[in-house]
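Below: the structure, in structure tokens.
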Amino acid sequence: SKLATVPGTFPPVSDPVTPQGKATSYNNFYEFGTDKADPKANAGKMHVRPWTIKIEGLCNNPKTVDIDALLKFKPLEDRTYRFRCVEAWSMIVPWVGYPLAELIKFADPKPQAKFVEFTSLADRSQMELPGGFDWPYKEGLRIDEAMNPLALLTFGSYGQTLENQQGAPVRVIVPWKYGFKSAKSIVKIRFTDKQPTTTWNDMASNEYGFYSNVNPGHSHPRWSQAHERRIDASVFPKTIATLPFNGYANEVASLYNGMDLNRYF
Amino acid sequence: MSNRTIRILKVLLFLAALVPVAGIVWQFQTNNLGADPVNTLTHETGDWTVYMLLASLAVTPLRRLSPKLAWLIRFRRMLGLWAFFWATLHLLTYVLLFSGFDLPGAFTALRAGDLHTVVEDWKAVWPTMVEDIQKRRFIQVGMLAYVILLALAVTSPQWVLRKMGGKSWQTLHRTVYGAAVLGIIHYWWLVKKGNHAPMKDTVVLALLLLARPATKWLQDRVAARRKMNAATA
């Protein structure tokens with residue numbers, strides 16, 4: 001359904017928006033199958049109401065919040081971001097949400113909390129949950145990353161509520177990182193003092209680092225990350241150069257001052 | 001089976017093998033190659049290479065099941081050549097699309113007689129491919145498998161067989177097993193950990209490889225029994 005929005009705090013990127021049909025039919029959401037067409041075919045089984053999100057761990061306001069309360073907690077903004085998959089394709093997607101920082105401020109993390117962990121839904125009655133993975137899917141950010149104004153608690157795209165295959169009813173979008181860092185269908189947010197174990201990093205730490213910032217200078221073992229196929233309205237995507245931090249270096253590069261980005265890839 | 005029937009069946013097999021080619025052309029014409037056609041085409045051409053290779057490897061175990069199936073051998077070369085055809089398309093999708101080479105742009109430039117742009121674009125993507133070949137093992141095994149299929153395709157005509165002599169020709173063509181195994185390794189090495197998509201092809205290849213000693217054993221046993229019956233008769 002349609003979502004009422006206010007103009008975003010960030011100007012939308014100038015590149016043409018990816019057609020909605022492509023953005024909602026080409027997804028990595030392994031809970032529904034490993035092929036990129038699987039999520040659209042299988043995610044219809046997921047119930048996105050009722051839905052609650054548990055806020056827990058090192059915070060002063062642990063709480064279980066209802067999705068509809070969360071949706072109304074702050075005004076929803078339009079944010080059109082570049083979306084870069086670790087597989088070297090990218091899209092331009094108009095997301096709808098408000099800064100993740102708002103939710104974190106509400107949770108009021110304790111001083112010793114350094115990381116935020118996101119847990120996605122894992123329910124065999126609604127999902128395929130292929131073998132070989134330690135479900136549920138988990139992702140994580142450093143608190144200062146999560147507090148960055150670009151990090152978006154996302155409820156919709158293209159002015160409408162998220163399709164199930166996009167990670168409905170609520171996900172995060174961290175536009176300067178590879179797509180898998182942006183956890184989908186979140187049921188739990190936990191504050192920790194240690195770097196949390198995250199699904200892909202745990203599966204293959206030489207391929208998927210905890211940070212996974214978009215970095216054209218750091219190749220994936222199986223392909224170069226210097227370029228990406230931009231999925232837009234044309235039949236064949238054009239290959240374009242990948243930008244450091246996915247083009248958001250001005251906003252986020254300072255988070256990593258003094259860090260060796262080839263070591264902390 | 002008469003030569004005439006075989007000829008008709010060969011035409012039918014050829015037409016059947018054209019169906020997936022037509023399927024891809026149709027997908028292209030109706031704009032149904034998905035959000036990332038480069039990805040779709042790479043996967044579909046790779047899949048069909050493996051399917052055709054597996055089909056050609058199924059011929060020997062099948063015909064060993066019964067002397068009445070001996071005629072199946074007449075179709076093996078065609079299946080092998082189809083595998084080579086798909087492998088070539090697969091390599092071309094890598095070189096001309098996956099590499100980042102601007103193929104639609106190159107067509108436009110060529111039509112305008114602008115060869116310079118095409119060469120410049122090629123020069124831009126070439127280093128990525130060199131790096132892939134130097135660094136990435138899934139590319140290396142894929143390339144090696146292609147070189148094998150190329151050698152087999154080139155030596156497939158009857159007159160080459162005669163020129164080479166049956167023995168060395170057969171030795172060379174046994175490397176098809178290597179190509180198939182390398183192809184499956186290529187598939188496993190390119191998918192993400194946790195993705196078991198290559199499993200089906202792997203199981204079929206394993207069965208086809210195991211079927212060889214199994215059917216050989218069966219054949220020998222039948223022959224031995226026949227010999228014994230002949231001796232006691």
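Letters A, B, ... mark the chains of the structure tokens in the order given; residue numbers begin at 1 per chain; ligand numbers begin at 1, in order shown.
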Point to revise | 10 Å contact set for Arg77 in chain B, only C-alpha atoms, chain neighbours under 6 positions out, as a ChimeraX atom specification | key: /B:56,83,152-153,156-157
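By chain and then residue number, the residues within 8 Å of Gly100 in chain B are His227, Arg229, Lys238, Thr239 and Ile240 of chain A; Leu96 and Val125 of chain B, counting only C-alpha atoms and disregarding those fewer than 4 positions away in sequence.
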Restrict the selected residues to N, CA and C atoms and save them as an mmCIF file, in the first residue's frame.
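To be explicit, this is the file written out as part-v6.cif:
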data_model
loop_
_atom_site.group_PDB
_atom_site.id
_atom_site.type_symbol
_atom_site.label_atom_id
_atom_site.label_comp_id
_atom_site.auth_asym_id
_atom_site.auth_seq_id
_atom_site.Cartn_x
_atom_site.Cartn_y
_atom_site.Cartn_z
ATOM 1 N N HIS A 227 34.194 -2.363 -11.087
ATOM 2 C CA HIS A 227 33.072 -1.978 -11.947
ATOM 3 C C HIS A 227 31.786 -2.618 -11.484
ATOM 4 N N ARG A 229 27.541 -3.553 -12.967
ATOM 5 C CA ARG A 229 26.522 -3.495 -14.018
ATOM 6 C C ARG A 229 25.325 -2.737 -13.456
ATOM 7 N N LYS A 238 24.591 -1.278 -18.444
ATOM 8 C CA LYS A 238 25.890 -0.700 -18.792
ATOM 9 C C LYS A 238 26.853 -0.962 -17.643
ATOM 10 N N THR A 239 28.118 -1.206 -17.979
ATOM 11 C CA THR A 239 29.124 -1.366 -16.938
ATOM 12 C C THR A 239 29.717 0.004 -16.631
ATOM 13 N N ILE A 240 29.684 0.364 -15.369
ATOM 14 C CA ILE A 240 30.209 1.664 -14.960
ATOM 15 C C ILE A 240 31.215 1.470 -13.825
ATOM 16 N N LEU B 96 32.357 -10.663 -24.130
ATOM 17 C CA LEU B 96 31.683 -9.515 -24.735
ATOM 18 C C LEU B 96 30.653 -8.834 -23.833
ATOM 19 N N VAL B 125 38.557 -3.061 -21.240
ATOM 20 C CA VAL B 125 38.100 -4.245 -20.495
ATOM 21 C C VAL B 125 39.133 -5.368 -20.486
#
Exercise for review: Considering only C-alpha atoms, extract the chain B residues located within 10 Å of chain A and return them as a PyMOL selection string.
Suggested key: chain B and resi 28+31-39+97-105+128-129+131-132+135-139+189-197
Residues from the last selection, N, CA and C atoms, saved as a compact mmCIF listing (two decimals), in the first residue's frame:
# COMPACT_ATOMS: atom_id res chain seq x y z
N PHE B 28 15.01 -12.90 -25.50
CA PHE B 28 15.60 -11.61 -25.87
C PHE B 28 14.57 -10.74 -26.59
N ASN B 31 11.94 -9.34 -24.37
CA ASN B 31 12.49 -8.63 -23.21
C ASN B 31 12.27 -9.41 -21.91
N ASN B 32 12.57 -10.69 -21.98
CA ASN B 32 12.31 -11.57 -20.83
C ASN B 32 13.58 -12.18 -20.26
N LEU B 33 14.69 -11.47 -20.42
CA LEU B 33 15.96 -12.03 -19.92
C LEU B 33 16.22 -11.62 -18.47
N GLY B 34 15.21 -11.03 -17.83
CA GLY B 34 15.37 -10.66 -16.43
C GLY B 34 16.05 -9.32 -16.25
N ALA B 35 16.19 -8.93 -14.97
CA ALA B 35 16.74 -7.62 -14.66
C ALA B 35 18.20 -7.50 -15.10
N ASP B 36 18.91 -8.62 -15.06
CA ASP B 36 20.33 -8.61 -15.39
C ASP B 36 20.61 -9.65 -16.48
N PRO B 37 20.30 -9.31 -17.75
CA PRO B 37 20.44 -10.29 -18.83
C PRO B 37 21.85 -10.86 -18.96
N VAL B 38 22.85 -10.09 -18.56
CA VAL B 38 24.22 -10.58 -18.63
C VAL B 38 24.36 -11.83 -17.74
N ASN B 39 23.81 -11.71 -16.56
CA ASN B 39 23.81 -12.82 -15.61
C ASN B 39 23.00 -14.00 -16.15
N LEU B 97 30.22 -9.51 -22.77
CA LEU B 97 29.20 -8.89 -21.91
C LEU B 97 29.67 -8.77 -20.47
N PHE B 98 30.04 -9.90 -19.89
CA PHE B 98 30.40 -9.92 -18.48
C PHE B 98 31.61 -9.05 -18.19
N SER B 99 32.52 -9.00 -19.16
CA SER B 99 33.75 -8.23 -18.99
C SER B 99 33.49 -6.74 -18.80
N GLY B 100 32.29 -6.29 -19.19
CA GLY B 100 32.01 -4.86 -19.15
C GLY B 100 32.15 -4.21 -20.51
N PHE B 101 32.51 -5.01 -21.53
CA PHE B 101 32.59 -4.49 -22.90
C PHE B 101 31.20 -4.01 -23.29
N ASP B 102 31.15 -2.80 -23.86
CA ASP B 102 29.86 -2.19 -24.21
C ASP B 102 29.41 -2.70 -25.58
N LEU B 103 28.77 -3.87 -25.60
CA LEU B 103 28.40 -4.51 -26.86
C LEU B 103 27.39 -3.69 -27.67
N PRO B 104 26.27 -3.23 -27.05
CA PRO B 104 25.36 -2.39 -27.84
C PRO B 104 26.07 -1.15 -28.39
N GLY B 105 26.93 -0.55 -27.56
CA GLY B 105 27.69 0.62 -28.00
C GLY B 105 28.61 0.29 -29.16
N THR B 128 41.02 -6.42 -17.19
CA THR B 128 40.20 -7.15 -16.22
C THR B 128 40.21 -8.64 -16.53
N MET B 129 40.13 -8.96 -17.84
CA MET B 129 40.12 -10.37 -18.23
C MET B 129 41.47 -11.02 -17.98
N GLU B 131 43.55 -10.17 -15.70
CA GLU B 131 43.62 -10.35 -14.25
C GLU B 131 42.81 -11.58 -13.82
N ASP B 132 41.61 -11.73 -14.41
CA ASP B 132 40.76 -12.89 -14.10
C ASP B 132 41.51 -14.18 -14.38
N LYS B 135 44.38 -14.67 -11.88
CA LYS B 135 44.12 -14.76 -10.44
C LYS B 135 43.01 -15.72 -10.05
N ARG B 136 42.00 -15.89 -10.91
CA ARG B 136 40.79 -16.55 -10.42
C ARG B 136 40.72 -18.00 -10.91
N ARG B 137 40.73 -18.90 -9.95
CA ARG B 137 40.84 -20.32 -10.31
C ARG B 137 39.59 -20.82 -11.02
N PHE B 138 38.40 -20.23 -10.73
CA PHE B 138 37.21 -20.73 -11.44
C PHE B 138 37.26 -20.34 -12.91
N ILE B 139 37.91 -19.21 -13.21
CA ILE B 139 38.10 -18.82 -14.61
C ILE B 139 39.12 -19.75 -15.26
N TRP B 189 33.05 -23.62 -7.95
CA TRP B 189 33.93 -22.54 -7.48
C TRP B 189 33.35 -21.16 -7.72
N LEU B 190 32.38 -21.04 -8.58
CA LEU B 190 31.86 -19.71 -8.85
C LEU B 190 30.65 -19.36 -8.00
N VAL B 191 29.92 -20.37 -7.51
CA VAL B 191 28.75 -20.03 -6.70
C VAL B 191 29.19 -19.72 -5.27
N LYS B 192 28.33 -18.97 -4.59
CA LYS B 192 28.62 -18.63 -3.21
C LYS B 192 28.56 -19.88 -2.35
N LYS B 193 29.32 -19.85 -1.27
CA LYS B 193 29.25 -20.93 -0.31
C LYS B 193 27.79 -21.04 0.18
N GLY B 194 27.31 -22.25 0.31
CA GLY B 194 25.93 -22.42 0.75
C GLY B 194 24.96 -22.58 -0.40
N ASN B 195 25.39 -22.22 -1.62
CA ASN B 195 24.53 -22.39 -2.79
C ASN B 195 24.81 -23.78 -3.39
N HIS B 196 23.79 -24.63 -3.38
CA HIS B 196 23.99 -26.00 -3.84
C HIS B 196 23.46 -26.24 -5.24
N ALA B 197 23.33 -25.15 -6.00
CA ALA B 197 22.82 -25.29 -7.38
C ALA B 197 23.59 -26.30 -8.23
Review point. Between B:Leu13, B:Met52, B:Val21, B:Leu65, which has the minimum distance to Thr215 in chain B (counting only C-alpha atoms)?
Key: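 Checking each of B:Leu13, B:Met52, B:Val21, B:Leu65 against Thr215 in chain B, counting only C-alpha atoms, the winner is B:Leu65.
When the distance limit is 12 Å and only C-alpha atoms are what count, the residues near Ala206 in chain B, minus those fewer than 6 positions from it on the same chain, are Leu54, Leu57, Ala58, Tyr177, Ala180, Val181, Ile184, Met199, Lys200, Arg212 and Pro213 of chain B.
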Go ahead and dump the residues you just picked, N, CA and C atoms, as a short mmCIF file (atom, residue, chain, number, x, y, z; two decimals), in the first residue's frame.
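The resulting file, result_16.cif, is reproduced below:
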data_model
loop_
_atom_site.label_atom_id
_atom_site.label_comp_id
_atom_site.auth_asym_id
_atom_site.auth_seq_id
_atom_site.Cartn_x
_atom_site.Cartn_y
_atom_site.Cartn_z
N LEU B 54 26.78 -33.78 -20.63
CA LEU B 54 26.25 -34.94 -19.90
C LEU B 54 25.51 -35.87 -20.86
N LEU B 57 27.94 -37.87 -22.72
CA LEU B 57 28.57 -38.89 -21.87
C LEU B 57 27.60 -40.02 -21.52
N ALA B 58 26.31 -39.80 -21.76
CA ALA B 58 25.32 -40.84 -21.44
C ALA B 58 25.27 -41.90 -22.54
N TYR B 177 36.20 -36.41 -20.44
CA TYR B 177 35.90 -36.59 -19.01
C TYR B 177 36.50 -35.43 -18.21
N ALA B 180 34.44 -32.34 -18.60
CA ALA B 180 33.20 -32.38 -17.82
C ALA B 180 33.48 -32.13 -16.34
N VAL B 181 34.52 -32.79 -15.82
CA VAL B 181 34.86 -32.61 -14.40
C VAL B 181 35.27 -31.15 -14.14
N ILE B 184 32.26 -28.87 -14.01
CA ILE B 184 31.52 -28.93 -12.74
C ILE B 184 32.30 -28.22 -11.63
N MET B 199 24.71 -29.11 -7.50
CA MET B 199 24.62 -30.48 -7.00
C MET B 199 23.99 -31.44 -8.01
N LYS B 200 22.90 -31.00 -8.67
CA LYS B 200 22.20 -31.91 -9.59
C LYS B 200 23.14 -32.36 -10.71
N ARG B 212 30.16 -46.32 -16.21
CA ARG B 212 31.11 -46.91 -17.17
C ARG B 212 31.68 -48.22 -16.65
N PRO B 213 32.37 -48.24 -15.48
CA PRO B 213 32.85 -49.53 -14.97
C PRO B 213 31.69 -50.50 -14.73
#
Check your understanding: What lies within 10 Å of Leu70 in chain A using only C-alpha atoms, ignoring chain neighbours under 4 positions off, as a list in words?
Key ->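 Listing them by chain and then by number gives Thr52, Ile53, Val65, Asp66, Lys74, Leu103, Leu153, Phe155 and Val170 of chain A.
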Any chance you could export the current selection's N, CA, C and O atoms as a CSV table (one decimal), in the first residue's frame?
chain,number,residue,atom,x,y,z
A,52,THR,N,6.5,-7.9,15.3
A,52,THR,CA,7.1,-7.1,16.4
A,52,THR,C,8.6,-7.2,16.2
A,52,THR,O,9.2,-8.1,15.7
A,53,ILE,N,9.2,-6.1,16.7
A,53,ILE,CA,10.7,-6.1,16.7
A,53,ILE,C,11.2,-6.0,18.2
A,53,ILE,O,10.7,-5.1,18.9
A,65,VAL,N,8.6,-3.7,20.2
A,65,VAL,CA,7.7,-2.7,19.5
A,65,VAL,C,7.0,-3.3,18.4
A,65,VAL,O,7.4,-4.2,17.7
A,66,ASP,N,5.7,-2.8,18.2
A,66,ASP,CA,4.9,-3.3,17.1
A,66,ASP,C,5.3,-2.5,15.8
A,66,ASP,O,5.6,-1.3,15.9
A,74,LYS,N,8.3,8.2,13.4
A,74,LYS,CA,8.9,9.4,12.8
A,74,LYS,C,8.4,9.6,11.4
A,74,LYS,O,7.9,8.6,10.8
A,103,LEU,N,15.7,5.3,15.9
A,103,LEU,CA,15.4,4.1,16.7
A,103,LEU,C,16.5,3.9,17.8
A,103,LEU,O,16.2,3.5,18.9
A,153,LEU,N,16.3,3.2,8.4
A,153,LEU,CA,15.3,2.2,8.8
A,153,LEU,C,14.2,2.2,7.7
A,153,LEU,O,13.5,3.2,7.6
A,155,PHE,N,11.0,1.1,5.4
A,155,PHE,CA,9.6,0.4,5.4
A,155,PHE,C,9.1,0.3,4.0
A,155,PHE,O,8.1,-0.4,3.8
A,170,VAL,N,10.1,-4.5,7.6
A,170,VAL,CA,11.1,-3.4,7.9
A,170,VAL,C,12.5,-4.0,7.7
A,170,VAL,O,12.8,-5.2,8.1
Check your understanding: Could you pull out the helix (DSSP H, G or I) residues of range 72-236 of chain A from DSSP and send them as a list in words?
Key ->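 Output for range 72-236 of chain A, helix (DSSP H, G or I) only: Lys72, Leu100, Ala101, Glu102, Leu103, Ile104, Lys105, Phe106, Ala107, Ile143, Asp144, Glu145, Ala146, Met147, Asn164, Gln165, Gln166, Gly179, Phe180, Lys181, Thr199, Trp200, Asn201, Asp202 and Met203 of chain A.
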Residues from the last selection, N, CA, C and O atoms, saved as an mmCIF file, in the first residue's frame:
data_model
loop_
_atom_site.group_PDB
_atom_site.id
_atom_site.type_symbol
_atom_site.label_atom_id
_atom_site.label_comp_id
_atom_site.auth_asym_id
_atom_site.auth_seq_id
_atom_site.Cartn_x
_atom_site.Cartn_y
_atom_site.Cartn_z
ATOM 1 N N LYS A 72 4.954 4.658 12.553
ATOM 2 C CA LYS A 72 4.443 6.006 12.815
ATOM 3 C C LYS A 72 5.368 6.798 13.726
ATOM 4 O O LYS A 72 5.100 7.969 14.012
ATOM 5 N N LEU A 100 17.886 5.356 10.932
ATOM 6 C CA LEU A 100 18.048 4.311 11.936
ATOM 7 C C LEU A 100 18.439 4.942 13.280
ATOM 8 O O LEU A 100 18.090 4.429 14.345
ATOM 9 N N ALA A 101 19.138 6.075 13.200
ATOM 10 C CA ALA A 101 19.572 6.775 14.415
ATOM 11 C C ALA A 101 18.393 7.101 15.339
ATOM 12 O O ALA A 101 18.540 7.073 16.570
ATOM 13 N N GLU A 102 17.226 7.361 14.755
ATOM 14 C CA GLU A 102 16.042 7.685 15.576
ATOM 15 C C GLU A 102 15.675 6.510 16.479
ATOM 16 O O GLU A 102 15.377 6.698 17.661
ATOM 17 N N LEU A 103 15.716 5.316 15.915
ATOM 18 C CA LEU A 103 15.384 4.133 16.702
ATOM 19 C C LEU A 103 16.463 3.875 17.758
ATOM 20 O O LEU A 103 16.160 3.464 18.888
ATOM 21 N N ILE A 104 17.716 4.113 17.369
ATOM 22 C CA ILE A 104 18.815 3.873 18.318
ATOM 23 C C ILE A 104 18.721 4.855 19.486
ATOM 24 O O ILE A 104 18.893 4.475 20.654
ATOM 25 N N LYS A 105 18.395 6.108 19.179
ATOM 26 C CA LYS A 105 18.234 7.099 20.253
ATOM 27 C C LYS A 105 17.095 6.676 21.189
ATOM 28 O O LYS A 105 17.187 6.803 22.405
ATOM 29 N N PHE A 106 16.045 6.151 20.604
ATOM 30 C CA PHE A 106 14.902 5.681 21.381
ATOM 31 C C PHE A 106 15.314 4.524 22.302
ATOM 32 O O PHE A 106 14.942 4.472 23.464
ATOM 33 N N ALA A 107 16.147 3.610 21.754
ATOM 34 C CA ALA A 107 16.597 2.472 22.562
ATOM 35 C C ALA A 107 17.571 2.911 23.648
ATOM 36 O O ALA A 107 17.692 2.254 24.678
ATOM 37 N N ILE A 143 28.137 1.056 16.130
ATOM 38 C CA ILE A 143 27.089 2.014 16.499
ATOM 39 C C ILE A 143 27.234 3.330 15.751
ATOM 40 O O ILE A 143 26.250 3.884 15.267
ATOM 41 N N ASP A 144 28.484 3.800 15.584
ATOM 42 C CA ASP A 144 28.637 5.084 14.874
ATOM 43 C C ASP A 144 28.226 4.969 13.410
ATOM 44 O O ASP A 144 27.726 5.921 12.818
ATOM 45 N N GLU A 145 28.401 3.783 12.817
ATOM 46 C CA GLU A 145 27.918 3.571 11.447
ATOM 47 C C GLU A 145 26.392 3.614 11.428
ATOM 48 O O GLU A 145 25.776 4.251 10.566
ATOM 49 N N ALA A 146 25.813 2.917 12.396
ATOM 50 C CA ALA A 146 24.345 2.835 12.447
ATOM 51 C C ALA A 146 23.723 4.197 12.714
ATOM 52 O O ALA A 146 22.592 4.468 12.308
ATOM 53 N N MET A 147 24.467 5.063 13.401
ATOM 54 C CA MET A 147 23.958 6.405 13.732
ATOM 55 C C MET A 147 24.144 7.386 12.578
ATOM 56 O O MET A 147 23.602 8.487 12.602
ATOM 57 N N ASN A 164 7.439 -8.234 0.021
ATOM 58 C CA ASN A 164 8.033 -9.230 0.921
ATOM 59 C C ASN A 164 9.452 -9.601 0.491
ATOM 60 O O ASN A 164 10.344 -9.750 1.319
ATOM 61 N N GLN A 165 9.653 -9.760 -0.844
ATOM 62 C CA GLN A 165 10.974 -10.182 -1.325
ATOM 63 C C GLN A 165 12.043 -9.119 -1.114
ATOM 64 O O GLN A 165 13.237 -9.399 -1.264
ATOM 65 N N GLN A 166 11.639 -7.890 -0.775
ATOM 66 C CA GLN A 166 12.610 -6.832 -0.495
ATOM 67 C C GLN A 166 12.956 -6.756 0.992
ATOM 68 O O GLN A 166 13.752 -5.916 1.392
ATOM 69 N N GLY A 179 25.138 -4.781 -0.499
ATOM 70 C CA GLY A 179 23.739 -4.986 -0.151
ATOM 71 C C GLY A 179 23.480 -5.950 0.992
ATOM 72 O O GLY A 179 22.547 -5.753 1.775
ATOM 73 N N PHE A 180 24.314 -6.996 1.107
ATOM 74 C CA PHE A 180 24.018 -8.012 2.131
ATOM 75 C C PHE A 180 24.139 -7.478 3.552
ATOM 76 O O PHE A 180 23.653 -8.094 4.497
ATOM 77 N N LYS A 181 24.800 -6.286 3.708
ATOM 78 C CA LYS A 181 24.901 -5.694 5.045
ATOM 79 C C LYS A 181 23.554 -5.118 5.497
ATOM 80 O O LYS A 181 23.363 -4.833 6.673
ATOM 81 N N THR A 199 26.202 -13.290 9.264
ATOM 82 C CA THR A 199 26.019 -14.513 8.469
ATOM 83 C C THR A 199 27.088 -14.718 7.388
ATOM 84 O O THR A 199 27.768 -15.738 7.377
ATOM 85 N N TRP A 200 27.257 -13.776 6.480
ATOM 86 C CA TRP A 200 28.182 -14.018 5.362
ATOM 87 C C TRP A 200 29.630 -13.996 5.804
ATOM 88 O O TRP A 200 30.459 -14.740 5.296
ATOM 89 N N ASN A 201 29.947 -13.147 6.764
ATOM 90 C CA ASN A 201 31.296 -13.107 7.294
ATOM 91 C C ASN A 201 31.640 -14.457 7.925
ATOM 92 O O ASN A 201 32.747 -14.979 7.783
ATOM 93 N N ASP A 202 30.649 -15.041 8.581
ATOM 94 C CA ASP A 202 30.815 -16.326 9.226
ATOM 95 C C ASP A 202 30.961 -17.446 8.185
ATOM 96 O O ASP A 202 31.730 -18.385 8.370
ATOM 97 N N MET A 203 30.221 -17.335 7.076
ATOM 98 C CA MET A 203 30.262 -18.346 6.007
ATOM 99 C C MET A 203 31.615 -18.354 5.299
ATOM 100 O O MET A 203 32.153 -19.416 5.002
#
**Study point:** Surrounding residues of Lys2 in chain A excluding itself and chain neighbours under 3 positions, 12 Å, only C-alpha atoms, as a list in words
**Key:**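 Near Lys2 in chain A, the qualifying residues are Thr5, Leu76, Val96, Phe155, Gly156, Ser157, Tyr158, Gly159, Gln160, Thr161, Leu162 and Glu163 of chain A.
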Exercise for review: Tell me, in Å to one decimal, how far CA of Phe32 in chain A is from CA of Tyr81 in chain A.
Suggested key: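 The value is 24.8 Å.
Here CA of Thr45 in chain B and CA of Thr202 in chain B stand 17.2 Å from one another.
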Practice item. Please indicate the distance in Å from CA of Asp134 in chain A to CA of Thr40 in chain B, rounded to one decimal place. Key: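 Answer for the CA of Asp134 in chain A to CA of Thr40 in chain B separation: 28.3 Å.
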